[in-house]
$ cat upload.cif   # mmCIF, C-alpha atoms
data_start
#
loop_
_atom_site.label_atom_id
_atom_site.label_comp_id
_atom_site.auth_asym_id
_atom_site.auth_seq_id
_atom_site.Cartn_x
_atom_site.Cartn_y
_atom_site.Cartn_z
CA MET H 1 112.27 115.26 76.12
CA LEU H 2 112.48 118.08 73.62
CA ASP H 3 115.49 118.78 71.41
CA ILE H 4 117.60 121.43 73.18
CA LYS H 5 118.40 122.91 69.75
CA LEU H 6 114.69 123.66 69.32
CA VAL H 7 114.65 125.47 72.66
CA ARG H 8 117.74 127.48 71.72
CA GLU H 9 116.83 128.34 68.15
CA ASN H 10 113.01 128.47 68.23
CA PRO H 11 111.89 129.09 71.81
CA GLU H 12 108.67 130.65 70.52
CA ILE H 13 107.52 127.21 69.26
CA VAL H 14 107.95 125.73 72.74
CA GLN H 15 106.30 128.78 74.29
CA LYS H 16 103.29 128.49 71.98
CA ASN H 17 102.98 124.79 72.84
CA LEU H 18 102.94 125.57 76.57
CA GLN H 19 100.35 128.29 76.05
CA LYS H 20 98.14 125.80 74.19
CA ARG H 21 98.49 123.46 77.14
CA GLY H 22 97.57 126.29 79.51
CA ASP H 23 100.65 125.59 81.63
CA SER H 24 101.96 128.87 83.07
CA GLU H 25 104.28 127.05 85.50
CA LYS H 26 106.09 125.39 82.59
CA LEU H 27 106.45 128.79 80.86
CA GLU H 28 108.53 129.92 83.83
CA MET H 29 110.53 126.67 83.58
CA LEU H 30 111.22 127.43 79.91
CA ASN H 31 112.56 130.87 80.78
CA ASN H 32 114.81 129.40 83.48
CA LEU H 33 115.97 126.65 81.11
CA ILE H 34 117.02 129.21 78.51
CA LYS H 35 118.85 131.18 81.22
CA TYR H 36 120.66 128.11 82.63
CA ASP H 37 121.52 126.81 79.17
CA LYS H 38 123.13 130.11 78.19
CA LYS H 39 124.90 130.28 81.54
CA TRP H 40 126.61 126.86 81.38
CA ARG H 41 127.65 127.32 77.76
CA ASN H 42 129.14 130.73 78.56
CA LEU H 43 130.99 129.27 81.55
CA LEU H 44 132.26 126.41 79.38
CA ARG H 45 133.54 128.94 76.84
CA GLN H 46 135.41 130.74 79.64
CA ALA H 47 136.92 127.45 80.84
CA ASN H 48 138.04 126.59 77.31
CA GLU H 49 139.59 130.03 76.91
CA LEU H 50 141.55 129.46 80.12
CA ARG H 51 142.72 126.06 78.86
CA HIS H 52 143.90 127.72 75.66
CA LYS H 53 145.64 130.44 77.69
CA ARG H 54 147.33 127.83 79.91
CA LYS H 55 148.51 125.87 76.87
CA LYS H 56 149.93 129.05 75.35
CA LEU H 57 151.71 129.98 78.59
CA THR H 58 153.12 126.45 78.90
CA THR H 59 154.56 126.76 75.39
CA GLU H 60 156.04 130.18 76.23
CA VAL H 61 157.64 128.82 79.41
CA ALA H 62 159.20 125.92 77.50
CA ASN H 63 160.60 128.26 74.82
CA LEU H 64 162.00 130.71 77.38
CA LYS H 65 163.70 127.90 79.30
CA LYS H 66 165.26 126.62 76.08
CA GLN H 67 166.63 130.10 75.55
CA LYS H 68 167.74 130.16 79.22
CA LYS H 69 165.58 133.22 79.84
CA ASP H 70 163.43 134.17 82.83
CA ALA H 71 159.95 132.54 82.67
CA SER H 72 158.78 133.48 86.18
CA LYS H 73 156.06 135.86 84.97
CA GLN H 74 154.54 133.22 82.70
CA ILE H 75 154.76 130.58 85.45
CA GLU H 76 153.02 132.92 87.90
CA LYS H 77 150.25 133.64 85.38
CA ALA H 78 149.72 129.93 84.71
CA LYS H 79 149.83 128.88 88.38
CA HIS H 80 146.26 129.87 89.26
CA ILE H 81 144.61 128.78 85.99
CA PRO H 82 143.89 125.10 86.99
CA GLN H 83 142.01 126.28 90.08
CA GLN H 84 140.04 128.78 88.00
CA ILE H 85 139.18 126.06 85.46
CA LYS H 86 138.08 123.68 88.23
CA LYS H 87 135.81 126.35 89.70
CA LEU H 88 134.28 127.04 86.28
CA GLU H 89 133.80 123.31 85.60
CA THR H 90 131.88 122.96 88.88
CA GLN H 91 129.58 125.78 87.81
CA VAL H 92 129.23 124.29 84.31
CA THR H 93 128.09 120.98 85.84
CA LYS H 94 125.66 122.74 88.18
CA TYR H 95 123.96 124.86 85.51
CA ARG H 96 123.97 122.09 82.89
CA GLU H 97 122.30 119.67 85.34
CA ASN H 98 119.72 122.32 86.26
CA ALA H 99 119.04 122.91 82.56
CA ASN H 100 118.67 119.16 81.89
CA LEU H 101 116.25 118.74 84.80
CA LEU H 102 114.05 121.51 83.41
CA LEU H 103 114.32 120.11 79.88
CA MET H 104 113.00 116.75 81.16
CA LYS H 105 109.96 118.51 82.64
CA LEU H 106 108.92 120.37 79.49
CA PRO H 107 106.12 118.48 77.69
CA ASN H 108 106.09 117.09 74.16
CA LEU H 109 104.98 119.27 71.25
CA LEU H 110 101.29 118.70 70.61
CA HIS H 111 99.93 117.70 67.23
CA GLU H 112 97.81 120.46 65.70
CA SER H 113 94.69 118.25 65.89
CA VAL H 114 94.76 117.99 69.70
CA PRO H 115 91.73 119.91 71.05
CA PHE H 116 92.11 122.56 73.74
CA GLY H 117 90.54 121.73 77.09
CA LYS H 118 90.98 121.76 80.85
CA ASP H 119 90.29 118.10 81.69
CA GLU H 120 88.70 114.86 80.42
CA SER H 121 85.28 116.51 80.19
CA ASP H 122 86.65 118.53 77.24
CA ASN H 123 87.81 115.49 75.25
CA ILE H 124 86.20 115.39 71.79
CA VAL H 125 84.16 112.36 70.71
CA GLU H 126 85.50 111.26 67.31
CA LYS H 127 83.27 108.26 66.70
CA LEU H 128 80.62 106.08 68.30
CA ILE H 129 80.65 102.38 67.42
CA GLY H 130 77.51 100.30 67.88
CA LYS H 131 74.58 101.19 70.08
CA PRO H 132 73.96 100.82 73.81
CA PRO H 133 72.09 97.58 74.58
CA LYS H 134 68.39 97.89 75.36
CA PHE H 135 67.22 95.99 78.39
CA SER H 136 63.68 94.98 79.39
CA PHE H 137 64.88 95.03 83.00
CA LYS H 138 66.93 97.28 85.25
CA PRO H 139 70.57 96.48 84.36
CA LYS H 140 73.00 95.59 87.13
CA SER H 141 76.59 96.67 87.63
CA HIS H 142 79.37 94.18 86.93
CA VAL H 143 79.92 93.88 90.68
CA GLU H 144 76.34 92.75 91.26
CA ILE H 145 76.34 90.40 88.26
CA ALA H 146 79.62 88.65 89.06
CA THR H 147 78.90 88.49 92.80
CA ASP H 148 75.44 86.98 92.21
CA LEU H 149 77.03 84.35 89.95
CA GLY H 150 79.69 83.59 92.57
CA LEU H 151 82.48 84.50 90.14
CA ILE H 152 84.19 87.34 92.04
CA ASP H 153 85.10 87.98 95.66
CA PHE H 154 86.10 91.47 96.77
CA GLU H 155 85.57 90.89 100.50
CA SER H 156 88.05 88.04 100.80
CA ALA H 157 90.58 89.95 98.68
CA ALA H 158 90.24 92.96 101.00
CA LYS H 159 90.94 90.66 103.94
CA VAL H 160 94.00 89.20 102.22
CA SER H 161 95.44 92.24 100.39
CA GLY H 162 93.35 95.33 101.15
CA HIS H 163 90.98 97.50 99.15
CA GLY H 164 91.41 97.50 95.36
CA PHE H 165 92.10 93.78 94.95
CA TYR H 166 89.86 90.87 93.95
CA PHE H 167 89.59 87.12 93.45
CA LEU H 168 88.31 86.05 90.04
CA LYS H 169 86.72 82.61 90.21
CA GLY H 170 85.71 79.82 87.88
CA GLU H 171 84.44 80.84 84.48
CA LEU H 172 85.21 84.54 85.01
CA ALA H 173 88.88 83.69 85.58
CA ARG H 174 88.75 81.54 82.43
CA LEU H 175 87.18 84.44 80.55
CA ASP H 176 90.02 86.73 81.69
CA PHE H 177 92.59 84.31 80.24
CA ALA H 178 90.50 83.78 77.09
CA ILE H 179 90.54 87.54 76.43
CA MET H 180 94.34 87.59 76.80
CA LYS H 181 94.86 84.56 74.57
CA TYR H 182 92.52 85.90 71.89
CA THR H 183 94.22 89.32 71.91
CA MET H 184 97.75 87.87 71.77
CA ASP H 185 96.87 85.62 68.82
CA PHE H 186 95.06 88.47 67.05
CA LEU H 187 98.09 90.79 67.24
CA ARG H 188 100.65 88.09 66.45
CA GLU H 189 98.75 87.47 63.21
CA ARG H 190 99.15 91.19 62.45
CA GLY H 191 102.93 91.02 62.77
CA TYR H 192 103.53 91.89 66.42
CA THR H 193 106.19 89.99 68.39
CA LEU H 194 105.03 88.70 71.77
CA ILE H 195 106.95 90.07 74.78
CA GLU H 196 106.69 88.91 78.38
CA PRO H 197 108.68 91.65 80.17
CA PRO H 198 110.30 91.96 83.60
CA LEU H 199 107.73 93.05 86.18
CA MET H 200 110.21 95.40 87.89
CA MET H 201 112.32 98.29 86.60
CA HIS H 202 115.17 100.48 87.85
CA ARG H 203 114.61 104.20 88.41
CA LYS H 204 116.84 105.31 85.50
CA PRO H 205 114.75 103.67 82.73
CA TYR H 206 111.57 104.70 84.52
CA LEU H 207 112.71 108.33 84.34
CA GLY H 208 113.04 107.81 80.60
CA VAL H 209 109.71 106.20 79.86
CA THR H 210 107.42 108.47 81.86
CA ASP H 211 107.12 111.60 83.98
CA LEU H 212 107.98 110.27 87.45
CA GLU H 213 107.16 113.62 89.04
CA PHE H 214 103.55 113.15 87.92
CA PHE H 215 103.29 109.35 87.69
CA GLY H 216 105.73 108.29 90.42
CA ASP H 217 103.17 108.27 93.22
CA GLN H 218 101.22 105.62 91.27
CA LEU H 219 104.16 103.18 91.39
CA TYR H 220 104.97 100.56 94.00
CA LYS H 221 108.61 100.95 95.11
CA ILE H 222 110.48 97.87 96.33
CA GLU H 223 111.82 98.78 99.78
CA GLY H 224 115.60 98.72 99.96
CA ASP H 225 116.06 98.25 96.20
CA ASP H 226 116.28 100.51 93.16
CA LEU H 227 113.24 98.77 91.68
CA TYR H 228 109.62 99.60 90.93
CA LEU H 229 106.76 97.26 90.02
CA ILE H 230 105.68 98.11 86.48
CA ALA H 231 102.44 100.00 85.90
CA THR H 232 102.18 98.68 82.32
CA SER H 233 104.27 96.51 79.98
CA GLU H 234 104.68 99.64 77.82
CA HIS H 235 107.34 100.83 80.24
CA PRO H 236 109.83 97.91 80.05
CA MET H 237 109.17 97.53 76.31
CA ALA H 238 110.02 101.22 75.75
CA ALA H 239 113.24 100.79 77.74
CA LEU H 240 114.22 97.53 76.00
CA ASN H 241 116.47 99.41 73.53
CA MET H 242 117.64 102.13 75.95
CA ASP H 243 121.04 103.65 75.02
CA GLU H 244 121.10 101.70 71.75
CA VAL H 245 121.21 102.50 68.03
CA ILE H 246 118.79 100.50 65.86
CA LEU H 247 119.49 99.73 62.21
CA GLN H 248 117.01 101.44 59.88
CA LYS H 249 116.31 98.16 58.06
CA ASP H 250 115.04 96.68 61.36
CA LEU H 251 112.35 99.35 61.75
CA PRO H 252 109.50 99.24 62.49
CA ILE H 253 109.76 97.00 65.54
CA LYS H 254 106.29 95.95 66.70
CA TYR H 255 105.72 94.35 70.10
CA VAL H 256 102.70 93.04 71.96
CA GLY H 257 103.42 92.87 75.68
CA ILE H 258 101.49 90.82 78.22
CA SER H 259 101.85 91.38 81.95
CA PRO H 260 100.17 92.04 85.25
CA CYS H 261 100.17 95.77 86.03
CA PHE H 262 100.50 97.36 89.46
CA ARG H 263 99.24 100.82 90.41
CA LYS H 264 98.62 102.57 93.71
CA GLU H 265 95.77 104.60 92.18
CA VAL H 266 96.25 107.47 94.63
CA GLY H 267 94.46 110.75 93.99
CA THR H 268 91.28 109.05 92.75
CA HIS H 269 88.92 111.16 94.85
CA GLY H 270 85.88 111.99 92.74
CA LYS H 271 86.74 109.35 90.14
CA TYR H 272 84.81 106.16 89.41
CA THR H 273 86.41 103.40 91.50
CA LYS H 274 83.69 100.75 91.64
CA GLY H 275 84.57 97.07 91.38
CA LEU H 276 87.11 96.13 88.73
CA PHE H 277 87.38 99.56 87.15
CA ARG H 278 90.21 101.06 89.22
CA VAL H 279 92.26 98.39 90.98
CA HIS H 280 95.83 97.92 92.18
CA GLN H 281 96.57 94.85 90.05
CA PHE H 282 95.22 93.87 86.64
CA ASN H 283 96.23 92.11 83.43
CA LYS H 284 96.87 94.08 80.26
CA ILE H 285 97.93 93.46 76.67
CA GLU H 286 99.92 96.41 75.30
CA GLN H 287 101.00 97.29 71.78
CA PHE H 288 104.32 99.09 71.30
CA ILE H 289 106.13 100.32 68.17
CA PHE H 290 109.60 101.75 67.43
CA CYS H 291 109.59 103.34 63.96
CA LEU H 292 111.11 105.93 61.63
CA PRO H 293 109.97 109.52 62.33
CA GLU H 294 108.15 109.82 59.00
CA ASP H 295 106.04 106.72 59.74
CA SER H 296 104.73 107.38 63.24
CA TRP H 297 101.40 108.98 62.33
CA LYS H 298 100.63 106.09 60.00
CA PHE H 299 101.33 103.63 62.82
CA HIS H 300 99.26 105.68 65.25
CA GLU H 301 96.24 104.94 63.08
CA GLU H 302 97.28 101.28 62.70
CA LEU H 303 97.37 100.86 66.47
CA GLN H 304 93.96 102.47 66.75
CA LYS H 305 92.52 100.12 64.13
CA ASN H 306 93.93 97.10 65.96
CA SER H 307 92.23 98.04 69.23
CA GLU H 308 88.96 98.96 67.59
CA ASP H 309 88.90 95.71 65.62
CA LEU H 310 89.35 93.81 68.87
CA TYR H 311 86.40 95.57 70.51
CA LYS H 312 84.27 95.17 67.38
CA ASN H 313 85.04 91.45 67.25
CA LEU H 314 83.98 91.18 70.89
CA GLY H 315 80.69 92.85 69.92
CA LEU H 316 81.13 95.67 72.44
CA HIS H 317 79.73 99.20 72.22
CA TYR H 318 82.37 101.93 72.64
CA ARG H 319 83.37 105.40 71.56
CA VAL H 320 86.69 107.01 70.60
CA VAL H 321 87.74 110.39 72.00
CA ASN H 322 90.52 112.76 70.95
CA VAL H 323 92.18 113.60 74.27
CA CYS H 324 92.43 117.33 74.99
CA THR H 325 95.41 119.43 76.09
CA GLY H 326 94.43 119.32 79.77
CA ASP H 327 94.19 115.51 79.90
CA ILE H 328 97.00 114.32 77.62
CA GLY H 329 100.04 114.41 79.95
CA ILE H 330 103.57 115.41 78.95
CA ILE H 331 104.77 112.36 76.98
CA ALA H 332 102.28 112.09 74.09
CA ALA H 333 101.97 114.39 71.07
CA LYS H 334 98.47 113.02 70.45
CA LYS H 335 96.30 110.49 72.23
CA TYR H 336 93.08 108.63 71.51
CA ASP H 337 91.07 106.95 74.27
CA ILE H 338 88.62 104.11 73.73
CA GLU H 339 85.75 104.43 76.21
CA ILE H 340 83.41 101.52 76.92
CA TRP H 341 79.71 101.93 77.58
CA MET H 342 78.67 100.89 81.09
CA ALA H 343 75.30 99.98 82.56
CA ASP H 344 74.93 103.31 84.38
CA ASN H 345 74.76 104.83 80.87
CA THR H 346 78.21 106.41 81.01
CA TYR H 347 81.37 105.94 78.95
CA ARG H 348 84.65 105.29 80.74
CA GLU H 349 88.21 104.80 79.53
CA ALA H 350 89.24 101.26 78.57
CA GLY H 351 92.56 102.11 76.92
CA SER H 352 94.78 104.82 75.41
CA ASN H 353 96.70 105.11 72.14
CA SER H 354 99.64 107.55 72.17
CA ASN H 355 102.12 108.78 69.59
CA CYS H 356 105.09 109.97 71.64
CA THR H 357 107.08 111.05 68.53
CA ASP H 358 110.79 111.32 69.49
CA TYR H 359 110.10 112.62 73.01
CA GLN H 360 110.33 109.27 74.83
CA ALA H 361 113.22 108.05 72.65
CA ARG H 362 115.27 111.15 73.53
CA ARG H 363 114.75 110.48 77.24
CA LEU H 364 115.84 106.86 76.71
CA ASN H 365 118.56 107.69 74.14
CA ILE H 366 117.26 105.35 71.42
CA LYS H 367 118.58 106.29 67.97
CA TYR H 368 118.70 104.72 64.50
CA ARG H 369 121.31 104.56 61.74
CA GLU H 370 121.09 103.76 58.02
CA MET H 371 123.68 100.97 58.18
CA GLU H 372 126.41 99.49 60.38
CA GLY H 373 129.40 101.77 60.82
CA LYS H 374 127.49 104.96 60.02
CA SER H 375 126.68 107.68 62.52
CA PRO H 376 123.14 107.75 63.94
CA VAL H 377 120.64 109.68 61.81
CA GLY H 378 118.43 110.69 64.71
CA PHE H 379 115.99 109.39 67.30
CA VAL H 380 113.30 106.80 66.60
CA HIS H 381 109.63 107.52 67.28
CA THR H 382 107.74 105.46 69.87
CA LEU H 383 104.05 104.63 70.09
CA ASN H 384 102.03 102.69 72.65
CA ASN H 385 98.44 101.52 72.78
CA THR H 386 96.39 99.47 75.19
CA ALA H 387 95.16 96.53 73.16
CA ILE H 388 93.07 95.17 76.04
CA ALA H 389 93.02 95.79 79.79
CA THR H 390 91.17 92.63 80.78
CA SER H 391 89.55 93.98 83.95
CA ARG H 392 87.79 96.78 82.07
CA THR H 393 86.94 94.48 79.16
CA LEU H 394 85.34 92.10 81.67
CA ILE H 395 83.26 95.04 82.91
CA ALA H 396 82.05 95.75 79.37
CA ILE H 397 81.18 92.11 78.68
CA LEU H 398 79.37 91.64 82.00
CA GLU H 399 77.37 94.87 81.79
CA GLN H 400 76.63 94.96 78.05
CA ASN H 401 75.87 91.23 77.67
CA GLN H 402 73.86 90.66 80.86
CA GLN H 403 70.53 88.83 80.57
CA LYS H 404 67.30 89.07 82.52
CA ASP H 405 67.92 85.70 84.19
CA GLY H 406 71.27 86.94 85.55
CA THR H 407 73.44 85.09 83.05
CA VAL H 408 75.94 86.76 80.70
CA ILE H 409 76.46 85.98 77.00
CA ILE H 410 80.12 85.24 76.21
CA PRO H 411 81.36 86.91 72.98
CA GLU H 412 81.35 84.38 70.17
CA VAL H 413 85.05 84.84 69.31
CA LEU H 414 86.02 83.74 72.84
CA ARG H 415 83.87 80.64 73.16
CA HIS H 416 86.31 78.20 71.55
CA LEU H 417 88.84 79.25 74.21
CA MET H 418 86.35 78.33 76.95
CA GLY H 419 85.33 74.87 75.79
CA ASP H 420 82.49 76.30 73.68
CA THR H 421 80.80 77.74 76.77
CA GLU H 422 78.16 80.26 75.66
CA ARG H 423 77.19 81.86 78.97
CA LEU H 424 78.42 82.74 82.40
CA GLU H 425 75.82 81.22 84.70
#

$ encode --input "upload.cif" --output "structure tokens"
Amino acid sequence: MLDIKLVRENPEIVQKNLQKRGDSEKLEMLNNLIKYDKKWRNLLRQANELRHKRKKLTTEVANLKKQKKDASKQIEKAKHIPQQIKKLETQVTKYRENANLLLMKLPNLLHESVPFGKDESDNIVEKLIGKPPKFSFKPKSHVEIATDLGLIDFESAAKVSGHGFYFLKGELARLDFAIMKYTMDFLRERGYTLIEPPLMMHRKPYLGVTDLEFFGDQLYKIEGDDLYLIATSEHPMAALNMDEVILQKDLPIKYVGISPCFRKEVGTHGKYTKGLFRVHQFNKIEQFIFCLPEDSWKFHEELQKNSEDLYKNLGLHYRVVNVCTGDIGIIAAKKYDIEIWMADNTYREAGSNSNCTDYQARRLNIKYREMEGKSPVGFVHTLNNTAIATSRTLIAILEQNQQKDGTVIIPEVLRHLMGDTERLE
């Protein structure tokens, strides 16, 4: 969330940010936040004045009694003050909670390089890596390729679990694990600590890591428990240091998380949902960094390089887009997407790289201090980036590396993890 001091002292900065995002509803929220914030602080001042008045009257009563004088007037004046304070405290709590709820809904401040736009169609292409493959035959979709090879089964999965699930079989299942193993080893060599997180989270940390009002309907809730299945390992990794103060010498902290991910994928009408692209369960390797505020933009580029190097090493054609104001969400200050080329000659998102600055850390109350015993300096910055979502990487490999005879060339860097197998056939 934003710093309340910024809202109080420079509301025009927040207002300008909301105007850039084209969010008139949030402009009204900002106005109400300012009103509620002033209201609870004014009520608190009144309550404190009454406490001071009561203390003064108590002292007067004590002095008058010592002097054996009449203190009835002072006692009468003081008698109703506790009730007045209690009433004011109730109002303070009400308006402060209302202000905090609105503060949580205001989006992060955008970096100046974020392009203006209404939706993903307005994202700006920053770079194009490689060239689309040229086929001497009509290319198939990954669904056709994998089904023809007997390596995937959507029908049986629908019978067992419903739409949006799948069985990976044989060499395609091995390829999925090979991608994960390769990515984990690649990032460990670059200084990232491997994390296998819990697959469920309580509501409180989930409120910290993401916008549940927007993202909550994508989550699977465990009936009868305060638990949600995670949508990405980013979420438990972000909450790992919730309500803690990190020593400056320990920053940056770099994690690579591996986990299954679970998403309802509601509201996908009009979006591409074919095959493995938009499913309810998939495997993902996620990069996550806690760092000093002055270092976060440097690490944003480091995360981007890591992901791009992975795709380059796999020999895949992709492009990078700078995500526009209408597509970025409330948590990130800037976001890059990597989009893979698919056989229908379109580019679709394979992963996102976000610098959340101190916005997520404020929601989770994660601070840093220079040394033990000193007061916290401020909030850390957090960054997250999809290293590899294996389902979408499988799509890219199947569709970009397909051959006329129906086989698929396995990327060279993965072959040693598959017993030197060169093709899916």

$ residues_around --input "upload.cif" --residues "range 416-418 of chain H" --least-positions-apart "6" --cutoff "10 Å" --atoms "only C-alpha atoms" --output "list in words"
Glu171, Arg174, Leu175, Phe177, Ala178, Ile179, Lys181, Tyr182 and Ile410 of chain H

$ write_last_selection --input "upload.cif" --atoms "C-alpha atoms" --output "mmCIF file, keeping the file's coordinate frame"
data_model
loop_
_atom_site.group_PDB
_atom_site.id
_atom_site.type_symbol
_atom_site.label_atom_id
_atom_site.label_comp_id
_atom_site.auth_asym_id
_atom_site.auth_seq_id
_atom_site.Cartn_x
_atom_site.Cartn_y
_atom_site.Cartn_z
ATOM 1 C CA GLU H 171 84.440 80.840 84.480
ATOM 2 C CA ARG H 174 88.750 81.540 82.430
ATOM 3 C CA LEU H 175 87.180 84.440 80.550
ATOM 4 C CA PHE H 177 92.590 84.310 80.240
ATOM 5 C CA ALA H 178 90.500 83.780 77.090
ATOM 6 C CA ILE H 179 90.540 87.540 76.430
ATOM 7 C CA LYS H 181 94.860 84.560 74.570
ATOM 8 C CA TYR H 182 92.520 85.900 71.890
ATOM 9 C CA ILE H 410 80.120 85.240 76.210
#

$ resolve_selection --input "upload.cif" --expression "the PyMOL selection byres ((chain H and resi 300-303) around 12)" --output "MDAnalysis selection string"
chainID H and resid 187 190:192 254:256 286:291 293:299 304:310 332:338 351:357 381:388

$ residues_near_point --input "upload.cif" --point "(80.7, 94.1, 94.7)" --cutoff "8 Å" --atoms "all atoms listed in the file" --output "PDB file with C-alpha atoms, keeping the file's coordinate frame"
ATOM      1  CA  HIS H 142      79.370  94.180  86.930  1.00  0.00           C
ATOM      2  CA  VAL H 143      79.920  93.880  90.680  1.00  0.00           C
ATOM      3  CA  GLU H 144      76.340  92.750  91.260  1.00  0.00           C
ATOM      4  CA  ALA H 146      79.620  88.650  89.060  1.00  0.00           C
ATOM      5  CA  THR H 147      78.900  88.490  92.800  1.00  0.00           C
ATOM      6  CA  ASP H 153      85.100  87.980  95.660  1.00  0.00           C
ATOM      7  CA  PHE H 154      86.100  91.470  96.770  1.00  0.00           C
ATOM      8  CA  LYS H 274      83.690 100.750  91.640  1.00  0.00           C
ATOM      9  CA  GLY H 275      84.570  97.070  91.380  1.00  0.00           C
TER      10      GLY H 275
END

$ closest_residue --input "upload.cif" --among "H:Gln248, H:Tyr228, H:Lys367, H:Lys127" --to "Arg319 in chain H" --atoms "all atoms listed in the file"
H:Lys127

$ resolve_selection --input "upload.cif" --expression "the PyMOL selection byres ((chain H and resi 394-397) around 9)" --output "ChimeraX atom specification"
/H:141-143,172,175-176,179,275-277,314-317,340-343,389-393,398-402,408-411

$ closest_residue --input "upload.cif" --among "H:Pro236, H:Gly224, H:Gly257, H:Pro82" --to "Asp185 in chain H" --atoms "all atoms listed in the file"
H:Gly257

$ closest_residue --input "upload.cif" --among "H:Val160, H:Met104, H:Leu50, H:Ile285" --to "Ala78 in chain H" --atoms "all atoms listed in the file"
H:Leu50

$ closest_residue --input "upload.cif" --among "H:Val380, H:Leu101, H:Val7, H:Ile124" --to "Val320 in chain H" --atoms "all atoms listed in the file"
H:Ile124

$ build_atoms --input "upload.cif" --residues "range 34-46 of chain H" --atoms "N, CA and C atoms" --output "tab-separated table (two decimals), in the coordinates of the input"
chain	number	residue	atom	x	y	z
H	34	ILE	N	116.26	128.39	79.46
H	34	ILE	CA	117.02	129.21	78.51
H	34	ILE	C	118.15	129.95	79.23
H	35	LYS	N	117.85	130.45	80.43
H	35	LYS	CA	118.85	131.18	81.22
H	35	LYS	C	119.99	130.25	81.65
H	36	TYR	N	119.64	129.06	82.18
H	36	TYR	CA	120.66	128.11	82.63
H	36	TYR	C	121.48	127.57	81.46
H	37	ASP	N	120.82	127.35	80.34
H	37	ASP	CA	121.52	126.81	79.17
H	37	ASP	C	122.56	127.81	78.66
H	38	LYS	N	122.18	129.08	78.61
H	38	LYS	CA	123.13	130.11	78.19
H	38	LYS	C	124.27	130.24	79.20
H	39	LYS	N	123.91	130.11	80.48
H	39	LYS	CA	124.90	130.28	81.54
H	39	LYS	C	125.98	129.20	81.47
H	40	TRP	N	125.58	127.91	81.36
H	40	TRP	CA	126.61	126.86	81.38
H	40	TRP	C	127.46	126.88	80.11
H	41	ARG	N	126.86	127.25	78.99
H	41	ARG	CA	127.65	127.32	77.76
H	41	ARG	C	128.65	128.48	77.80
H	42	ASN	N	128.23	129.59	78.41
H	42	ASN	CA	129.14	130.73	78.56
H	42	ASN	C	130.29	130.39	79.52
H	43	LEU	N	129.96	129.69	80.60
H	43	LEU	CA	130.99	129.27	81.55
H	43	LEU	C	131.95	128.27	80.91
H	44	LEU	N	131.42	127.38	80.08
H	44	LEU	CA	132.26	126.41	79.38
H	44	LEU	C	133.22	127.12	78.42
H	45	ARG	N	132.70	128.15	77.75
H	45	ARG	CA	133.54	128.94	76.84
H	45	ARG	C	134.69	129.59	77.62
H	46	GLN	N	134.37	130.13	78.80
H	46	GLN	CA	135.41	130.74	79.64
H	46	GLN	C	136.46	129.71	80.06
